[in-house]
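Engineer: The structure's right below; bear with me while I get my questions together.
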Amino acid sequence: MNLLEVKSICKTYGSGETAVHALKNVSFSVPKGEFVAVVGESGSGKSTLLNMLGALDTPTSGKVFIDGNDTFTMKERELTVFRRRNIGFIFQAFNLIPELTVEQNILFPVLLDYQKPDRAYLEELLTVLNLKGRRGHLPSQLSGGQQQRVAIGRALFTRPSLILADEPTGNLDSQNSSEVISLLKKASGKYEQTIVMITHNRSIAQIADRVLQVSDGVLTDFGRQQD
Amino acid sequence: MKSYLSLIPISARVRRKQSRMIILCIVLAVFLVTTIFSLAEAGIKMETNASVDKQGYWHILIKGIQESEAQEISERSDVAASSWYDVLNLDDNLNMDKDYDIEGAQTAVCGIDEQFIGDIMHFFSEGSHVEDGNEVILTENAKELLGVEEGDTITLNTPAGSYDFVITGFRISGNGKYVNANGGLTAALLVKDDQIGAFMNIDTFRKICVENGETGSPQYYIQFQKHTNLKKAMEEIQNQYGLVDGDIGLNTILMAANGISNKEYIKNIYPLAGILFVLILAAGVLMISGSMNSNVAQRLQFFGMLRCIGAGRSQIIRFVRLEALYWCKSAVPIGIGGGVVITWIICAGLKYIVGGEFTDMPVFGVSIVGILCGVVVGVVTVFLAAQAPAKRAAKVSPVAAVSGNAGDIKNIKRAVKAGSGKVETTLGIHHAVSAKKNLLLMTGSFALSIILFLCFSVLIELIGCLLPQKASAPDLDIASHNLENDIDAALIEEIERIDGVAHVLARSMCKDVQVFYQDDSPIVGEETVTNVELISYSDYALELLRKDDDLRKGSDLTTVYGGGNGVLVIWDRDIPWEIGDKIRIADEELEIAGMLKYNPFTNDGGSGGVIDIVTSRETFTRLTGITDSVILDVQLESHSGDESDAAAEEIRRLCNAYDFRDRRDEGSVAGEFYAIMVFGYGFVFIIALIALLNIMNSISMSVSARINQYGAMRAIGMSVGQITKMIMSEAVTYAVSGCIVGCVVGLPLSKWMYDVLITSHFYYFTWSLPAMQIVIVVLFILLSALAAVYAPSKRIREMAVTETINEL
């Protein structure tokens, strides 16, 4: 069963002669639990595509279904809650909340939902992310790799069905990069989560189950990779 | 582009919308200063003009100097004009009890120098002079009283003989009110309607004095040249002739306009005006600084970019300062223009709508001082206000341009304390309290508004004390000659029937009434006796006491009305009773049901050691057997117009056996009162506006600094509503801390001002917690804080999440 279905998405900025076609008729689908890497040059439309998948931006035409839900027919409030519960975001610049500790940052999406956090799951995640000893630290007291691991923890904590990662290793050195990627891969396997990750790094893309390439707004599916 | 600074006008053009708020702040500050100074100057001009018209154009008067000394003073280079002034046969109560008359009309005789006419006093008719010893100027009522005109000869009869004089002119009323039986406002020879004042040459006057064996009490009036250092000149004269303070009299208004006064009251005004001015200036600096900080906070990337491409820190500081001054280019003229126009409007309103004392108000005056203050204070304020934002902009790391990560994550040293509250509220409060300097500034800015509001409220209360507006104010007063109860009830009924009469408030009085009461005497059951003055009030008059808020807290009139056994006592420091105490008059037990705040029958509000008890008319009659009245206060349906005049005239005719006083003119005080109230509340409104702008800027700045963080929060599932709540809790935190500090500082200041300005002069008014003002200002601050959240949350709502995410 496909968790994510993208149908004929187009995104055009501006109009007339100055119109820029960021995405041209993009369609693809991703089954549950698959780890997909999206590669492409700068300005090719990767981030625009990710924004559409996360319902952060609206397409000029086309539809996106997540777990059968048409995200662009939802109202703002509904969409916010849907995003909070079903999509996890990981950013290149981590975007942790500076005044919250590691633990509070991870719990944050659940707190936004006024839910009681699952403490056992938190402990499990802290262990998996190797952050147990740092749970009371502020982001400013962590290394880049540790910060990104906290961001991953935050993305995983609501048990979203889809995780969108925009260049999660962009600010990390190679050792931290491979740690983060293997964590993501492990998580997608363990918690059956679908991951769509943008990367520039071809070698990191190799770790994904499947690679999509965006070039001048056109998507090419390179298909599933062999283990 | 000649220099990197040429970017300023280009940037201003592009960011016109964003700069609107900051320009508004500068306009408001300049406007405020220009208006205050222009109005102050117009007010001083009006007061001095009115004073010159009514009191004359002189600065000091000296008593007890020799003629030779006066001659020396008159020759000083800084003395513009001077004159002797002395008067015979006129005491302070306008009584003329000596045998000086002109054709049978009692006459006050006054000796003056030639400079007194025209140079010092302006109320003489054209051509008046007393150069020759036989020339005289008479008060204008002599024309009608004696049937004389200029050129006629009159004879002044004195105990020592008669003197013939030729009339050269008259003292006309001019702008000053011509004195009548009720007393008047003009200085120099006040006489009643049926009396005459005669001004003559001082030498002739002295001759008459000598021949009549009078000594006189000469005064020497001095008018200094313009731009004279009055204080220095006065001290020189004082030291040179060994004068003591009592020998020198000051023209209060003219000297006060030059910053010199011997009146404690006016001396107190100067530091207060200074404090208020500094507070307003501080509010201006905070407001502009806040708005510039907000502007800078929204452009951190821009400054980062400038740093990236090689701009040094000092260049950024210069850039921000010059940018601020560039805003002044349009904001200062607008502020000044607005200030001048609003001054014109206020002056015109005062002159044409309010009238009365304000008819001398200059309307289209342009105050150079006001404009200069507007420009200087505007530019200086902006320059001072630009310091902090300029430094802030200079500190922006070049990385900000690349990463857009404006909020420096490394600055955060304290984690949010997890509580049971909602996460967005906790975060909002944390945002407010974590940045100590910002919290201090915000608290200061909110507190300043509250302090200013509380201070202005005291000033407004002072106006209420100086110009009381009473529902009980009579239009006509009728009093028995010797304060005997001899106005009978039939006359009251007759007056009540006259068309145009609204109410007749009759009062009876009984002195030396014995009152028995229990005090702290060691002998239980033994009563103390004291004498009081009993005054009757009709039920309507009692009701007016309540309406006019003349009753002290805890007073209850229900047992006083209509012959009840409740009575009111006029409060004074030495009153032996409290509300609720029992007293006995004759055989009747009475209860003190309330107290009047002050004595409405005396000028200073005190009772001078006499205890006054107010009862209803029925109770009064029961206790004393008296039914007639001593005073009638008549309220007419209107203060002016034919019907009012006709009613007043008829009542005057009916009451010819009594003292009659027409007080309808005093209604003009109401105009002054409301004008000053409008003025006072206008300032309070502007202060409120400053507070609102401060709050809006500060919240906007805080949001700008965290805009990327909010973007990320939205991406991971925070709703706009939650973000709004977060900003709101931050704003409310600032507001609450500001309210606490504002009240802690403002209340003692308010009490101090009240004591200095009000209690020291009206001792029966004591400071009490201004609960209503506090509720109003706190509510306003909290509502402003909530309103201030609107714009930033709208900005966030309208901003696409991707706009911030992609900058990260």
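By convention here, the chains of the structure tokens are called A, B, ... in the order presented, each chain's residues are numbered starting at 1, and ligands are numbered starting at 1 in the order presented.
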Please report as a count of residues only which residues of chain A come no farther than 10 Å from chain B, using only C-alpha atoms.
Structural biologist: 53
Engineer: Name the residues of range 70-153 of chain B that fall into strand (DSSP E) according to DSSP on the backbone, using the chain letters and numbers of this document, as a PDB file with C-alpha atoms, in the first residue's frame.
Structural biologist:
ATOM      1  CA  VAL B  79      14.637 100.286  34.154  1.00  0.00           C
ATOM      2  CA  ALA B  80      12.181 101.065  31.360  1.00  0.00           C
ATOM      3  CA  ALA B  81       9.577 102.897  33.430  1.00  0.00           C
ATOM      4  CA  SER B  82       8.863 103.622  37.054  1.00  0.00           C
ATOM      5  CA  SER B  83       6.286 105.491  39.055  1.00  0.00           C
ATOM      6  CA  TRP B  84       5.158 106.322  42.555  1.00  0.00           C
ATOM      7  CA  TYR B  85       1.720 105.168  43.578  1.00  0.00           C
ATOM      8  CA  ASP B  86      -0.024 106.077  46.796  1.00  0.00           C
ATOM      9  CA  VAL B  87      -3.643 106.167  47.841  1.00  0.00           C
ATOM     10  CA  LEU B  88      -5.726 107.883  50.487  1.00  0.00           C
ATOM     11  CA  ASP B 101     -15.595 113.587  48.250  1.00  0.00           C
ATOM     12  CA  ILE B 102     -16.311 115.114  44.895  1.00  0.00           C
ATOM     13  CA  ALA B 105     -19.520 111.119  46.092  1.00  0.00           C
ATOM     14  CA  GLN B 106     -17.018 109.370  48.333  1.00  0.00           C
ATOM     15  CA  THR B 107     -13.610 109.631  46.709  1.00  0.00           C
ATOM     16  CA  ALA B 108     -10.373 107.734  46.958  1.00  0.00           C
ATOM     17  CA  VAL B 109      -7.392 109.924  46.152  1.00  0.00           C
ATOM     18  CA  CYS B 110      -4.422 108.491  44.358  1.00  0.00           C
ATOM     19  CA  GLY B 111      -1.035 109.997  43.553  1.00  0.00           C
ATOM     20  CA  ILE B 112       0.967 108.811  40.562  1.00  0.00           C
ATOM     21  CA  GLU B 135      -5.020 117.826  36.617  1.00  0.00           C
ATOM     22  CA  VAL B 136      -6.960 114.719  37.548  1.00  0.00           C
ATOM     23  CA  ILE B 137      -8.067 111.435  36.010  1.00  0.00           C
ATOM     24  CA  LEU B 138     -11.283 109.960  37.374  1.00  0.00           C
ATOM     25  CA  THR B 139     -12.677 106.459  37.329  1.00  0.00           C
ATOM     26  CA  THR B 153     -13.497 121.225  36.486  1.00  0.00           C
TER      27      THR B 153
END
Engineer: How many Å lie between CA of Lys725 in chain B and CA of Ile695 in chain B, rounded to one decimal?
Structural biologist: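 Between CA of Lys725 in chain B and CA of Ile695 in chain B the gap is 16.2 Å.
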Engineer: So that I can check the secondary structure, give me every residue of range 378-558 of chain B assigned helix (DSSP H, G or I) by backbone DSSP, as a VMD selection string.
Structural biologist: chain B and resid 378 to 394 399 to 403 409 to 411 423 to 434 436 to 466 489 to 497 539 to 547
Engineer: Emit the selected residues as a PDB file, in the first residue's frame, including C-alpha atoms.
Structural biologist:
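The resulting file, out_11.pdb, is reproduced below:
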ATOM      1  CA  GLY B 378      13.201  65.525  17.810  1.00  0.00           C
ATOM      2  CA  VAL B 379      16.664  65.187  16.312  1.00  0.00           C
ATOM      3  CA  VAL B 380      18.405  64.674  19.659  1.00  0.00           C
ATOM      4  CA  THR B 381      15.831  62.109  20.729  1.00  0.00           C
ATOM      5  CA  VAL B 382      16.182  60.257  17.466  1.00  0.00           C
ATOM      6  CA  PHE B 383      19.965  60.399  17.673  1.00  0.00           C
ATOM      7  CA  LEU B 384      19.942  59.130  21.262  1.00  0.00           C
ATOM      8  CA  ALA B 385      17.336  56.535  20.422  1.00  0.00           C
ATOM      9  CA  ALA B 386      19.426  55.333  17.469  1.00  0.00           C
ATOM     10  CA  GLN B 387      22.424  54.417  19.658  1.00  0.00           C
ATOM     11  CA  ALA B 388      21.162  51.082  20.912  1.00  0.00           C
ATOM     12  CA  PRO B 389      19.738  49.838  17.582  1.00  0.00           C
ATOM     13  CA  ALA B 390      22.903  50.989  15.788  1.00  0.00           C
ATOM     14  CA  LYS B 391      25.071  48.982  18.138  1.00  0.00           C
ATOM     15  CA  ARG B 392      22.726  46.059  17.795  1.00  0.00           C
ATOM     16  CA  ALA B 393      22.964  46.219  14.010  1.00  0.00           C
ATOM     17  CA  ALA B 394      26.749  46.469  14.216  1.00  0.00           C
ATOM     18  CA  VAL B 399      26.869  34.593   9.173  1.00  0.00           C
ATOM     19  CA  ALA B 400      23.364  35.943   9.595  1.00  0.00           C
ATOM     20  CA  ALA B 401      23.382  36.811   5.945  1.00  0.00           C
ATOM     21  CA  VAL B 402      24.261  33.282   4.978  1.00  0.00           C
ATOM     22  CA  SER B 403      22.263  31.262   7.440  1.00  0.00           C
ATOM     23  CA  ILE B 409      21.504  30.040  19.629  1.00  0.00           C
ATOM     24  CA  LYS B 410      24.663  30.408  21.708  1.00  0.00           C
ATOM     25  CA  ASN B 411      23.140  33.252  23.704  1.00  0.00           C
ATOM     26  CA  VAL B 423       3.816  24.687  26.263  1.00  0.00           C
ATOM     27  CA  GLU B 424       3.078  27.801  24.184  1.00  0.00           C
ATOM     28  CA  THR B 425       2.259  29.848  27.294  1.00  0.00           C
ATOM     29  CA  THR B 426       5.364  28.622  29.103  1.00  0.00           C
ATOM     30  CA  LEU B 427       7.523  29.446  26.097  1.00  0.00           C
ATOM     31  CA  GLY B 428       5.962  32.913  25.720  1.00  0.00           C
ATOM     32  CA  ILE B 429       6.649  33.771  29.358  1.00  0.00           C
ATOM     33  CA  HIS B 430      10.153  32.385  29.010  1.00  0.00           C
ATOM     34  CA  HIS B 431      10.766  34.564  25.949  1.00  0.00           C
ATOM     35  CA  ALA B 432       9.803  37.589  28.033  1.00  0.00           C
ATOM     36  CA  VAL B 433      11.809  36.849  31.151  1.00  0.00           C
ATOM     37  CA  SER B 434      14.900  35.247  29.614  1.00  0.00           C
ATOM     38  CA  LYS B 436      16.868  40.529  31.115  1.00  0.00           C
ATOM     39  CA  LYS B 437      17.829  43.747  29.342  1.00  0.00           C
ATOM     40  CA  ASN B 438      14.816  43.600  27.077  1.00  0.00           C
ATOM     41  CA  LEU B 439      12.548  42.793  30.004  1.00  0.00           C
ATOM     42  CA  LEU B 440      13.962  45.786  31.852  1.00  0.00           C
ATOM     43  CA  LEU B 441      13.374  48.100  28.889  1.00  0.00           C
ATOM     44  CA  MET B 442       9.884  46.802  28.268  1.00  0.00           C
ATOM     45  CA  THR B 443       8.956  46.954  31.936  1.00  0.00           C
ATOM     46  CA  GLY B 444      10.405  50.463  32.092  1.00  0.00           C
ATOM     47  CA  SER B 445       8.480  51.561  29.059  1.00  0.00           C
ATOM     48  CA  PHE B 446       5.154  50.175  30.344  1.00  0.00           C
ATOM     49  CA  ALA B 447       5.859  51.503  33.825  1.00  0.00           C
ATOM     50  CA  LEU B 448       6.682  54.942  32.438  1.00  0.00           C
ATOM     51  CA  SER B 449       3.282  55.140  30.803  1.00  0.00           C
ATOM     52  CA  ILE B 450       1.585  54.234  34.067  1.00  0.00           C
ATOM     53  CA  ILE B 451       3.695  56.742  36.024  1.00  0.00           C
ATOM     54  CA  LEU B 452       2.900  59.506  33.533  1.00  0.00           C
ATOM     55  CA  PHE B 453      -0.778  58.640  33.661  1.00  0.00           C
ATOM     56  CA  LEU B 454      -0.844  58.718  37.464  1.00  0.00           C
ATOM     57  CA  CYS B 455       1.059  62.034  37.540  1.00  0.00           C
ATOM     58  CA  PHE B 456      -1.268  63.656  35.009  1.00  0.00           C
ATOM     59  CA  SER B 457      -4.235  62.366  36.963  1.00  0.00           C
ATOM     60  CA  VAL B 458      -2.988  64.345  39.973  1.00  0.00           C
ATOM     61  CA  LEU B 459      -2.714  67.451  37.795  1.00  0.00           C
ATOM     62  CA  ILE B 460      -6.272  66.924  36.601  1.00  0.00           C
ATOM     63  CA  GLU B 461      -7.410  66.555  40.217  1.00  0.00           C
ATOM     64  CA  LEU B 462      -5.583  69.774  41.021  1.00  0.00           C
ATOM     65  CA  ILE B 463      -7.563  71.534  38.305  1.00  0.00           C
ATOM     66  CA  GLY B 464     -10.716  70.125  39.865  1.00  0.00           C
ATOM     67  CA  CYS B 465      -9.651  71.658  43.189  1.00  0.00           C
ATOM     68  CA  LEU B 466      -8.685  75.007  41.675  1.00  0.00           C
ATOM     69  CA  ALA B 489     -40.448  82.021  53.659  1.00  0.00           C
ATOM     70  CA  ALA B 490     -42.925  84.174  51.688  1.00  0.00           C
ATOM     71  CA  LEU B 491     -40.055  85.814  49.810  1.00  0.00           C
ATOM     72  CA  ILE B 492     -38.615  82.417  48.960  1.00  0.00           C
ATOM     73  CA  GLU B 493     -41.945  81.325  47.531  1.00  0.00           C
ATOM     74  CA  GLU B 494     -42.206  84.545  45.565  1.00  0.00           C
ATOM     75  CA  ILE B 495     -38.767  84.042  44.048  1.00  0.00           C
ATOM     76  CA  GLU B 496     -39.578  80.435  43.223  1.00  0.00           C
ATOM     77  CA  ARG B 497     -42.566  81.587  41.189  1.00  0.00           C
ATOM     78  CA  ASP B 539     -33.331  68.142  50.902  1.00  0.00           C
ATOM     79  CA  TYR B 540     -32.399  69.309  47.416  1.00  0.00           C
ATOM     80  CA  ALA B 541     -29.270  71.037  48.751  1.00  0.00           C
ATOM     81  CA  LEU B 542     -28.372  67.858  50.639  1.00  0.00           C
ATOM     82  CA  GLU B 543     -28.780  65.872  47.428  1.00  0.00           C
ATOM     83  CA  LEU B 544     -26.418  68.306  45.691  1.00  0.00           C
ATOM     84  CA  LEU B 545     -23.779  67.605  48.339  1.00  0.00           C
ATOM     85  CA  ARG B 546     -23.874  63.963  47.294  1.00  0.00           C
ATOM     86  CA  LYS B 547     -23.836  64.867  43.589  1.00  0.00           C
TER      87      LYS B 547
END
Engineer: What is the distance between CA of Leu122 in chain A and CA of Ser161 in chain A, in Å to one decimal?
Structural biologist: 17.5 Å
Engineer: Within 6 Å of Leu212 in chain A, counting only C-alpha atoms, which residues show up once you throw out same-chain ones fewer than 4 positions away? Write them as a list in words, please.
Structural biologist: Val38, Thr220, Asp221 and Phe222 of chain A
Engineer: Restrict the selected residues to N, CA and C atoms and save them as a PDB file, in the first residue's frame.
Structural biologist:
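Done, and the output landed in part31.pdb:
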ATOM      1  N   VAL A  38      15.907  12.073  -2.567  1.00  0.00           N
ATOM      2  CA  VAL A  38      15.668  12.928  -3.733  1.00  0.00           C
ATOM      3  C   VAL A  38      16.947  13.721  -3.978  1.00  0.00           C
ATOM      4  N   THR A 220      12.717  12.246 -12.208  1.00  0.00           N
ATOM      5  CA  THR A 220      13.069  10.968 -12.817  1.00  0.00           C
ATOM      6  C   THR A 220      13.210   9.956 -11.697  1.00  0.00           C
ATOM      7  N   ASP A 221      12.526   8.833 -11.842  1.00  0.00           N
ATOM      8  CA  ASP A 221      12.593   7.789 -10.818  1.00  0.00           C
ATOM      9  C   ASP A 221      13.654   6.784 -11.225  1.00  0.00           C
ATOM     10  N   PHE A 222      14.715   6.665 -10.378  1.00  0.00           N
ATOM     11  CA  PHE A 222      15.769   5.685 -10.700  1.00  0.00           C
ATOM     12  C   PHE A 222      15.434   4.293 -10.181  1.00  0.00           C
TER      13      PHE A 222
END
Engineer: Using only C-alpha atoms, can you tell me which of A:Asn105, A:Leu156, A:Pro168, A:Phe35 comes closest to Arg134 in chain A?
Structural biologist: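 Comparing A:Asn105, A:Leu156, A:Pro168, A:Phe35 against Arg134 in chain A, the winner is A:Asn105.
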Engineer: Residues of range 24-49 of chain A within 7 Å of range 175-196 of chain A: nearest atom pair and distance (Å, one decimal) for each, counting only C-alpha atoms, sorted by chain and number, as JSON lines?
Structural biologist:
{"residue": "A:Lys32", "atom": "CA", "partner": "A:Thr194", "partner_atom": "CA", "distance": 5.5}
{"residue": "A:Gly33", "atom": "CA", "partner": "A:Thr194", "partner_atom": "CA", "distance": 4.3}
{"residue": "A:Glu34", "atom": "CA", "partner": "A:Thr194", "partner_atom": "CA", "distance": 5.0}
{"residue": "A:Phe35", "atom": "CA", "partner": "A:Ile195", "partner_atom": "CA", "distance": 4.6}
{"residue": "A:Val36", "atom": "CA", "partner": "A:Val196", "partner_atom": "CA", "distance": 4.8}
{"residue": "A:Ala37", "atom": "CA", "partner": "A:Val196", "partner_atom": "CA", "distance": 5.8}
Engineer: If we count only C-alpha atoms, what is near Lys132 in chain A at a cut-off of 10 Å, once residues fewer than 4 positions away on the same chain are taken out, given as a list in words?
Structural biologist: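 My list of contacting residues is Val102, Glu103, Leu122, Glu123, Glu124, Leu125, Leu126, Thr127, Val128 and Gly136 of chain A.
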Engineer: What's around Leu281 in chain B at 10 Å? Count only C-alpha atoms, leave out sequence neighbours fewer than 6 positions away in its own chain, and write the answer as JSON, numbers by chain.
Structural biologist: {"B": [29, 30, 32, 33, 275, 287, 377, 378, 381]}
Engineer: Kindly indicate which residue among B:Lys351, B:Arg507, B:Arg299, B:Arg797 lies nearest to Ser11 in chain B, using only C-alpha atoms for the distances.
Structural biologist: B:Arg299
